[in-house]
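Data first, discussion second: the structure below is written as structure tokens.
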Amino acid sequence: MAYPPDFKYTKGHEWIKVDGKNATIGITNYAQESLGDIVFVELPKTGAELNAGKTFGSVESVKAVSDLFAPASGTVTEVNGDLATSPEKINKDAHGSWMLKMTLKDPGELSGLLSAADYEKFVSEEGGH
Amino acid sequence: MSAVEARPTVRKTALNAVHRQMGAKMVEFNGWDMPVEYHSSGGIIAEHNAVRNSVGIFDVSHMGDIRLVGPQALFAVQHISMNDASRLGVGQAQYSALLYPQGTFVDDVIVHRLGERDYLLVINAGTREKDFNWVRDNTREFDCFVENLSDDYTQIAIQGPRGVDVLQKLTDADLAAVKFYWVTHGTVCGLPDTLIARTGYTGEDGFEIYVPSDEATSAMVWNKILEAGNDFGIVACGLGARNTLRLESKLPLYGHEISDTINVWEAGLDRFCKLEKADFIGRGALEEAKAEGVNRTLVGLEMTERGIARDGYKVLDDAGREIGYVTSGSYAPFLKKNIALAYVPPNFSSIGSTVRVEIRGQGVKAQIVQTPFYKRLKKT
């Protein structure tokens with residue numbers, strides 16, 4: 001599974017795609033693979049404030065609960081409501097199944113995130129595959 | 001005290017290499033390196049539904065086996081277990097439990113009567129040593145030989161409505177003649193005198209077979225079952241599906257619904273506990289506990305608001321007061337609901353009443369429902 005080069009990644013396995021002050025976020029293919037069948041997603045409402053590195057929701061597979069951590073700070077402008085009823089879409093296409101859109105507070109925060117190549121290297125070391 | 005703590009080694013079943021070759025996701029479970037799901041099978045939900053609709057196979061070799069054989073084997077079994085083993089015909093099995101004197105659980109077991117004076121107890125992985133020591137220490141007064149056969153068998157479960165069709169292709173034993181919770185012996189995959197039990201932990205019809213635990217034989221049998229099941233869409237299933245299957249069917253799991261602090265009445269296992277038989281360990285305390293009544297009881301919950309109850313989550317009343325806790329909770333793949341088992345006070349246990357489960361600080365609504373959540377339709 002290729003990691004889109006125009007996304008940035010966190011070590012917590014979220015991705016973020018930035019377009020000026022706007023950003024879209026989701027979880028990576030590695031995250032969905034580790035979780036297994038995803039059956040529940042809990043996301044904040046439009047208007048909610050996200051703080052970089054802090055929990056903003058959770059994703060659950062049959063076996064496990066995993067917190068979601070904000071890759072950057074900002075305000076939620078749109079939530080993918082589709083995932084409330086069809087969370088399995090994340091398993092099918094993690095990089096296409098965005099969770100929420102936001103306006104960034106400080107695009108400078110993104111400098112600490114990983115590139116696709118660095119993330120790929122990171123997960124190959126973490127997962128051993 | 002030694003400065004260096006001995007780190008317990010993780011044990012492997014004889015099929016470990018086979019699971020890894022198949023690309024199973026492996027986890028540590030009760031000290032065992034076990035498959036939790038197989039990507040090649042489609043994951044937990046696909047594995048679960050394969051068992052409900054057709055057939056799946058599980059490596060359950062981490063389960064332990066204790067044999068009691070000798071002139072007083074029945075008396076020994078009767079003394080250490082709560083069900084009435086004197087009712088078993090040769091070839092019959094029963095669900096039972098080993099109890100502490102206070103009426104709480106050492107473990108739950110399946111007692112198989114293999115011969116006139118020959119019993120096999122199948123026990124849980126996490127309690128193998130504890131159980132064997134318990135059985136040995138508490139049967140010394142009886143003229144019977146207690147043997148730990150846990151490492152001698154690879155135990156494979158073939159579960160689901162088509163399990164009988166799959167296994168019948170591989171054995172000369174007449175499986176149609178074996179009723180649920182009975183056993184037989186036959187040649188399986190060329191292995192003579194193999195123990196075949198019509199038992200399982202999925203809430204479906206199915207079989208568990210016991211074959212020699214060398215890797216070559218174990219792999220041969222495993223692969224032949226997969227091959228024979230191909231026409232039925234058989235899949236390899238891991239502990240993930242095993243857990244969701246048993247939860248839908250309300251089969252207890254040691255350390256969750258039953259433990260050394262939970263007694264038989266609380267767990268609702270009354271029908272497997274025969275106070276009228278001769279004395280057994282735990283009976284006195286259970287008689288007293290019965291007279292006193294229980295302070296908590298095991299109930300089934302179905303989430304009526306969004307959220308999944310997980311093991312250990314608090315159960316709250318409408319006012320937000322803590323009244324109990326969840327013992328097992330998950331998304332139920334066949335029922336497509338979020339379900340849980342929980343201990344609550346009896347006055348909160350009536351079917352249809354509403355409680356809340358605390359999920360990440362929120363009281364999420366759930367309803368007490370009939371259990372088992374899922375019950376298979378038995379053939380008439």
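Naming scheme: A, B, ... for chains in displayed order of the structure tokens; residues 1 onward per chain; ligands 1 onward as shown.
The chain B residues that come within 8 Å of chain A are B:Gly43, B:Ile44, B:Ile45, B:Gly240, B:Gly307, B:Ile308, B:Ser330, B:Tyr331, with only C-alpha atoms taken into account.
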**Request:** Find the spatial neighbours of A:Gly74, counting only C-alpha atoms, within a cut-off of 7 Å - ignore same-chain residues fewer than 6 positions away - and output them as a PyMOL selection string.
**Result:** chain A and resi 49-51+102-105
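Each of B:Arg360, B:Lys12, B:Arg376, B:Arg87 was compared to B:Glu248 using only C-alpha atoms, and B:Arg376 turns out to be the nearest.
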**Request:** Name all residues at most 12 Å from A:Leu114 (count only C-alpha atoms; drop same-chain ones fewer than 3 positions away) and give them as number ranges by chain.
**Result:** A: 3-17, 71, 109-111, 117-123
For C-alpha atoms, I'd like the residues from the last selection saved as a compact mmCIF listing (two decimals), in the first residue's frame.
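Contents of the output file part25.txt:
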# COMPACT_ATOMS: atom_id res chain seq x y z
CA TYR A 3 1.45 6.20 1.27
CA PRO A 4 0.40 9.32 -0.68
CA PRO A 5 3.43 11.63 -0.97
CA ASP A 6 1.30 14.76 -0.58
CA PHE A 7 0.16 13.69 2.93
CA LYS A 8 2.05 14.21 6.17
CA TYR A 9 2.02 11.50 8.87
CA THR A 10 2.21 11.17 12.65
CA LYS A 11 3.89 8.43 14.62
CA GLY A 12 0.40 7.76 16.03
CA HIS A 13 -0.64 6.71 12.51
CA GLU A 14 -2.83 9.64 11.47
CA TRP A 15 -2.42 11.32 8.11
CA ILE A 16 -3.04 14.96 7.25
CA LYS A 17 -3.40 16.56 3.86
CA PRO A 71 -1.81 16.00 13.93
CA GLU A 109 3.08 22.96 13.50
CA LEU A 110 3.26 20.58 10.58
CA SER A 111 7.02 20.82 10.24
CA ALA A 117 8.96 8.02 2.92
CA ASP A 118 9.85 8.62 6.57
CA TYR A 119 6.52 7.22 7.74
CA GLU A 120 6.93 4.12 5.64
CA LYS A 121 10.36 3.60 7.16
CA PHE A 122 8.91 4.19 10.63
CA VAL A 123 6.18 1.57 10.29
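Minimum atom-to-atom distance to A:Ala2, evaluated using only C-alpha atoms, belongs to A:Ala94 out of A:Ala94, A:Leu113, A:Leu43, A:Val18.
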Find the nearest atom pair between each residue of stretch 198-282 of chain B and stretch 287-302 of chain B for residues within 10 Å, count only C-alpha atoms, give distances in Å to one decimal, sort rows by chain and ascending number, and present the table as JSON lines.
{"residue": "B:Leu247", "atom": "CA", "partner": "B:Gly300", "partner_atom": "CA", "distance": 9.8}
{"residue": "B:Glu248", "atom": "CA", "partner": "B:Gly300", "partner_atom": "CA", "distance": 9.6}
{"residue": "B:Lys250", "atom": "CA", "partner": "B:Gly300", "partner_atom": "CA", "distance": 8.2}
{"residue": "B:Glu257", "atom": "CA", "partner": "B:Leu298", "partner_atom": "CA", "distance": 7.6}
{"residue": "B:Ile258", "atom": "CA", "partner": "B:Leu298", "partner_atom": "CA", "distance": 9.8}
{"residue": "B:Ile262", "atom": "CA", "partner": "B:Arg296", "partner_atom": "CA", "distance": 9.5}
{"residue": "B:Asn263", "atom": "CA", "partner": "B:Ala289", "partner_atom": "CA", "distance": 8.6}
{"residue": "B:Val264", "atom": "CA", "partner": "B:Ala289", "partner_atom": "CA", "distance": 9.4}
{"residue": "B:Trp265", "atom": "CA", "partner": "B:Val294", "partner_atom": "CA", "distance": 7.0}
{"residue": "B:Glu266", "atom": "CA", "partner": "B:Thr297", "partner_atom": "CA", "distance": 4.7}
{"residue": "B:Ala267", "atom": "CA", "partner": "B:Leu298", "partner_atom": "CA", "distance": 5.5}
{"residue": "B:Gly268", "atom": "CA", "partner": "B:Leu298", "partner_atom": "CA", "distance": 6.6}
{"residue": "B:Leu269", "atom": "CA", "partner": "B:Leu298", "partner_atom": "CA", "distance": 9.8}
{"residue": "B:Leu275", "atom": "CA", "partner": "B:Glu287", "partner_atom": "CA", "distance": 7.8}
{"residue": "B:Gly282", "atom": "CA", "partner": "B:Glu287", "partner_atom": "CA", "distance": 8.8}
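Once A:Phe69 and its same-chain neighbours fewer than 6 positions away are set aside, Gly53, Lys54, Thr55 and Phe56 of chain A remain within 6 Å of it when counting only C-alpha atoms.
All residues of stretch 12-120 of chain A that DSSP, run on the backbone, classes as helix (DSSP H, G or I) are Asn29, Tyr30, Ala31, Gln32, Glu33, Ser34, Leu35, Asp82, Leu83, Ala84, Thr85, Lys89, Ile90, Asn91, Lys92, Pro107, Gly108, Glu109, Leu110, Ser111, Gly112, Ala116, Ala117, Asp118, Tyr119 and Glu120 of chain A.
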**Asked** Contacts of B:Thr202 at 10 Å or less, counting only C-alpha atoms, minus same-chain residues fewer than 5 places along, as JSON, numbers by chain?
**Response** {"B": [48, 51, 52, 157, 159, 160, 241, 242, 243, 244, 245, 246, 247, 248, 249, 250, 251]}
**Item:** strand (DSSP E) call set, DSSP backbone run, stretch 137-351 of chain B, as a PyMOL selection string
**Value:** chain B and resi 145-148+153-159+183-188+191-197+206-212+235-236+297-303+314-316+322-332+337-344
**Item:** Long-range neighbours of stretch 167-173 of chain B as an MDAnalysis selection string, 9 Å cut-off, only C-alpha atoms, 3 positions minimum in chain
**Value:** chainID B and resid 158 162:164 176:177 184:190 196 207 224:225 228:229
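Ranking A:Gly96, A:Gly112, A:Pro107, A:Gly47 by their shortest atom-to-atom distance to A:Ile25, with only C-alpha atoms included, puts A:Gly96 first.
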**Asked** Got a sec: who's within 10 Å of B:Thr9, counting only C-alpha atoms, leaving out chain neighbours fewer than 6 positions off, as a ChimeraX atom specification?
**Response** /B:31-33
